[in-house]
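The structure under discussion appears below in the form of structure tokens.
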Amino acid sequence: MKLKLKVRVKPDIKRKPREVMDKLTDAVRRKVRRHKLMARPKRRSTPEALLGFGRFVANPRRFGGFVSGPALAEAITRDVDTAAGPVLELGPGTGVFTRALITRGVAEADLVLVELDPKLADRLREAFPQALVLCCKAGSVTAEMLEGRRPAAVVSGLPLLNFPAEEVERIMAAAFAVSSPDAVLYQFTYAPRCPVRDHIMDRIGLVARRTARVWRNVPPAFVYRISRA
Ligand SMILES: C[S@@+](CC[C@H](N)C(=O)[O-])C[C@H]1O[C@@H](n2cnc3c(N)ncnc32)[C@H](O)[C@@H]1O
């Protein structure tokens with residue numbers, strides 16, 4: 001690639017030719033450096049929907065479906081008490097709910113993100129460098145892994161309806177075991193009933209109620225608030 005440069009050096013008869021050459025060389029170097037900076041290609045991040053689709057194709061059962069829209073992100077984070085302490089997010093995927101939590105006022109350093117897909121976990125580490133990102137199954141999270149944080153709220157984007165009952169039970173038990181006693185878990189689902197079966201709720205001692213119907217999402221979704229009985 002050819003680079004056209006216009007470099008002006010003030011005529012100065014008192015200067016020695018060597019000094020003029022040095023000035024000229026410096027000016028050219030500065031121009032080339034600036035041109036390189038301007039021409040450096042920007043790193044473009046894959047749009048969320050496209051990335052989500054790619055991860056869905058890679059593992060449809062685990063990814064679950066669509067990347068959630070802003071209306072669902074608002075509905076599932078709306079009741080999170082931003083001043084109460086750390087927030088645990090299960091299955092953050094591309095970070096749609098994570099961004100909504102930060103917009104609501106949760107400090108990035110107060111976020112613990114548990115994402116099983118290593119590609120998505122790496123992307124979350126890049127996007128939220130102050131958050132603690134754990135790449136593991138949500139059901140295997142322990143208090144030690146949280147490095148002293150005691151979540152006051154849990155937000156879950158996990159496609160629980162795709163999971164066997166034992167895994168759902170492990171996830172619920174782990175989430176409430178590592179959280180504060182009055183912690184609340186917000187879970188979305190595409191079915192009009194709580195995705196955690198009654199016998200699991202009873203065994204762990206939990207209760208659920210629906211807090212939102214989100215029609216402006218593809219597909220429409222429901223939000224459940226799950227807490228200790
Ligand atoms: C439907 S996506 C939700 C992403 C985002 N919250 C949203 O609504 O767009 C579910 C995410 O959960 C992750 N996931 C599935 N099973 C998991 C598990 N057992 N533990 C942690 N993450 C899991 C998937 O890799 C995926 O990124």
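Just so we're on the same page: first chain in the structure tokens is A, next is B, and so on; residues restart at 1 for each chain, and ligands are numbered from 1 in the order they show up.
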
Would you kindly return, as JSON, numbers by chain, each protein, DNA or RNA residue with an atom no farther than 9 Å from any atom of Glu48 (chain A), considering only C-alpha atoms and excluding same-chain residues fewer than 5 positions away?
-> {"A": [53, 67, 94, 95, 96]}

For ligand 1, collect every residue having any atom at a distance of at most 8 Å from a ligand atom (counting only C-alpha atoms and all ligand atoms); output as a PyMOL selection string.
-> chain A and resi 52+55+59+61-69+72-73+90-98+114-117+120+135-139+156-159+167+171

DSSP on the backbone, then: every residue of region 22-218 of chain A marked strand (DSSP E or B), written as a PyMOL selection string.
-> chain A and resi 87-90+111-114+132-134+153-156+184-189+206-214

Could you dump the residues just selected with N, CA and C atoms as a CSV table (one decimal), in the first residue's frame?
```csv
chain,number,residue,atom,x,y,z
A,87,VAL,N,-24.4,-10.5,43.2
A,87,VAL,CA,-25.5,-11.2,42.4
A,87,VAL,C,-24.8,-12.4,41.7
A,88,LEU,N,-25.4,-13.5,41.8
A,88,LEU,CA,-25.0,-14.7,41.1
A,88,LEU,C,-25.8,-14.9,39.8
A,89,GLU,N,-25.1,-15.0,38.7
A,89,GLU,CA,-25.9,-15.3,37.4
A,89,GLU,C,-25.6,-16.6,36.9
A,90,LEU,N,-26.6,-17.4,36.6
A,90,LEU,CA,-26.4,-18.8,36.1
A,90,LEU,C,-26.7,-18.8,34.6
A,111,LEU,N,-20.5,-9.2,40.6
A,111,LEU,CA,-21.1,-10.2,39.8
A,111,LEU,C,-20.3,-11.5,39.8
A,112,VAL,N,-21.0,-12.6,40.0
A,112,VAL,CA,-20.4,-13.9,39.8
A,112,VAL,C,-21.2,-14.6,38.6
A,113,LEU,N,-20.5,-14.9,37.5
A,113,LEU,CA,-21.1,-15.4,36.3
A,113,LEU,C,-20.7,-16.9,36.2
A,114,VAL,N,-21.7,-17.7,36.1
A,114,VAL,CA,-21.4,-19.2,36.0
A,114,VAL,C,-21.8,-19.7,34.6
A,132,LEU,N,-16.4,-12.0,38.6
A,132,LEU,CA,-15.8,-13.4,38.7
A,132,LEU,C,-16.5,-14.3,37.8
A,133,VAL,N,-15.8,-14.8,36.8
A,133,VAL,CA,-16.5,-15.7,35.8
A,133,VAL,C,-16.0,-17.2,36.1
A,134,LEU,N,-17.0,-18.0,36.4
A,134,LEU,CA,-16.6,-19.5,36.6
A,134,LEU,C,-17.1,-20.3,35.4
A,153,ALA,N,-28.9,-12.3,45.6
A,153,ALA,CA,-29.9,-12.6,44.5
A,153,ALA,C,-29.2,-13.4,43.5
A,154,VAL,N,-30.0,-14.2,42.8
A,154,VAL,CA,-29.6,-15.1,41.7
A,154,VAL,C,-30.4,-14.9,40.5
A,155,VAL,N,-29.8,-14.7,39.4
A,155,VAL,CA,-30.6,-14.6,38.1
A,155,VAL,C,-30.2,-15.7,37.2
A,156,SER,N,-31.2,-16.5,36.8
A,156,SER,CA,-30.9,-17.6,36.0
A,156,SER,C,-31.5,-17.6,34.6
A,184,VAL,N,-33.1,-14.4,46.8
A,184,VAL,CA,-34.2,-14.7,45.9
A,184,VAL,C,-33.5,-15.1,44.5
A,185,LEU,N,-34.1,-16.1,43.9
A,185,LEU,CA,-33.6,-16.5,42.6
A,185,LEU,C,-34.7,-16.2,41.5
A,186,TYR,N,-34.3,-15.5,40.5
A,186,TYR,CA,-35.2,-15.2,39.4
A,186,TYR,C,-34.9,-16.1,38.2
A,187,GLN,N,-35.9,-16.8,37.7
A,187,GLN,CA,-35.7,-17.7,36.7
A,187,GLN,C,-36.7,-17.4,35.5
A,188,PHE,N,-36.3,-17.5,34.3
A,188,PHE,CA,-37.3,-17.3,33.2
A,188,PHE,C,-37.5,-18.6,32.6
A,189,THR,N,-38.7,-18.7,31.9
A,189,THR,CA,-39.0,-20.0,31.2
A,189,THR,C,-40.0,-19.6,30.1
A,206,LEU,N,-38.5,-24.7,49.1
A,206,LEU,CA,-38.6,-23.4,48.3
A,206,LEU,C,-40.1,-23.1,47.9
A,207,VAL,N,-40.3,-21.9,47.6
A,207,VAL,CA,-41.6,-21.5,47.1
A,207,VAL,C,-41.4,-20.6,45.9
A,208,ALA,N,-42.4,-20.7,44.9
A,208,ALA,CA,-42.2,-19.9,43.7
A,208,ALA,C,-43.5,-19.1,43.4
A,209,ARG,N,-43.3,-17.9,42.8
A,209,ARG,CA,-44.5,-17.2,42.3
A,209,ARG,C,-44.1,-16.5,41.0
A,210,ARG,N,-45.0,-16.3,40.1
A,210,ARG,CA,-44.8,-15.7,38.8
A,210,ARG,C,-44.7,-14.2,39.0
A,211,THR,N,-43.7,-13.5,38.5
A,211,THR,CA,-43.6,-12.1,38.7
A,211,THR,C,-43.8,-11.3,37.4
A,212,ALA,N,-43.7,-12.0,36.2
A,212,ALA,CA,-43.9,-11.2,35.0
A,212,ALA,C,-44.2,-12.2,33.8
A,213,ARG,N,-45.0,-11.6,32.9
A,213,ARG,CA,-45.3,-12.3,31.6
A,213,ARG,C,-44.7,-11.3,30.6
A,214,VAL,N,-43.8,-11.8,29.8
A,214,VAL,CA,-43.1,-10.9,28.8
A,214,VAL,C,-43.6,-11.2,27.4
```

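For the pair CA of Ala173 (chain A) and CA of Ala84 (chain A), the separation is 21.0 Å.
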
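Across the model, the gap from CA of Pro86 (chain A) to CA of Val178 (chain A) is 11.3 Å.
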
Do a neighbour search on Ala183 (chain A) at 9 Å with only C-alpha atoms, toss out local chain neighbours closer than 2 positions, and write the hits as an MDAnalysis selection string.
-> chainID A and resid 151:154 176 179:181 185 226:228

Excluding same-chain residues fewer than 4 positions from Arg78 (chain A), what lies within 9 Å of it counting only C-alpha atoms, as a ChimeraX atom specification?
-> /A:73-74,100-101,104

Extract, using only C-alpha atoms, all DNA, RNA and protein residues at most 8 Å from Ala143 (chain A), discarding same-chain residues fewer than 6 positions from it, and format them as number ranges by chain.
-> A: 149-150, 177-178

Could those selected residues go to a file with N, CA and C atoms, as a CSV table (one decimal), in the first residue's frame?
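The resulting file, part15.csv, is reproduced below:
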```csv
chain,number,residue,atom,x,y,z
A,149,ARG,N,-17.7,-14.1,48.4
A,149,ARG,CA,-19.0,-13.4,48.1
A,149,ARG,C,-20.1,-14.2,48.6
A,150,ARG,N,-21.2,-13.6,49.1
A,150,ARG,CA,-22.4,-14.3,49.5
A,150,ARG,C,-23.6,-13.6,48.7
A,177,ALA,N,-27.5,-22.8,48.6
A,177,ALA,CA,-26.5,-23.1,49.6
A,177,ALA,C,-25.4,-22.0,49.7
A,178,VAL,N,-25.1,-21.4,48.5
A,178,VAL,CA,-24.0,-20.4,48.5
A,178,VAL,C,-24.5,-19.0,48.7
```

From a DSSP calculation on the backbone, collect every residue of region 17-217 of chain A in helix (DSSP H, G or I) and output the set as an MDAnalysis selection string.
-> chainID A and resid 17:39 48:58 60:63 70:77 96:104 108:110 118:127 138:140 144:146 160:162 165:178 198:204
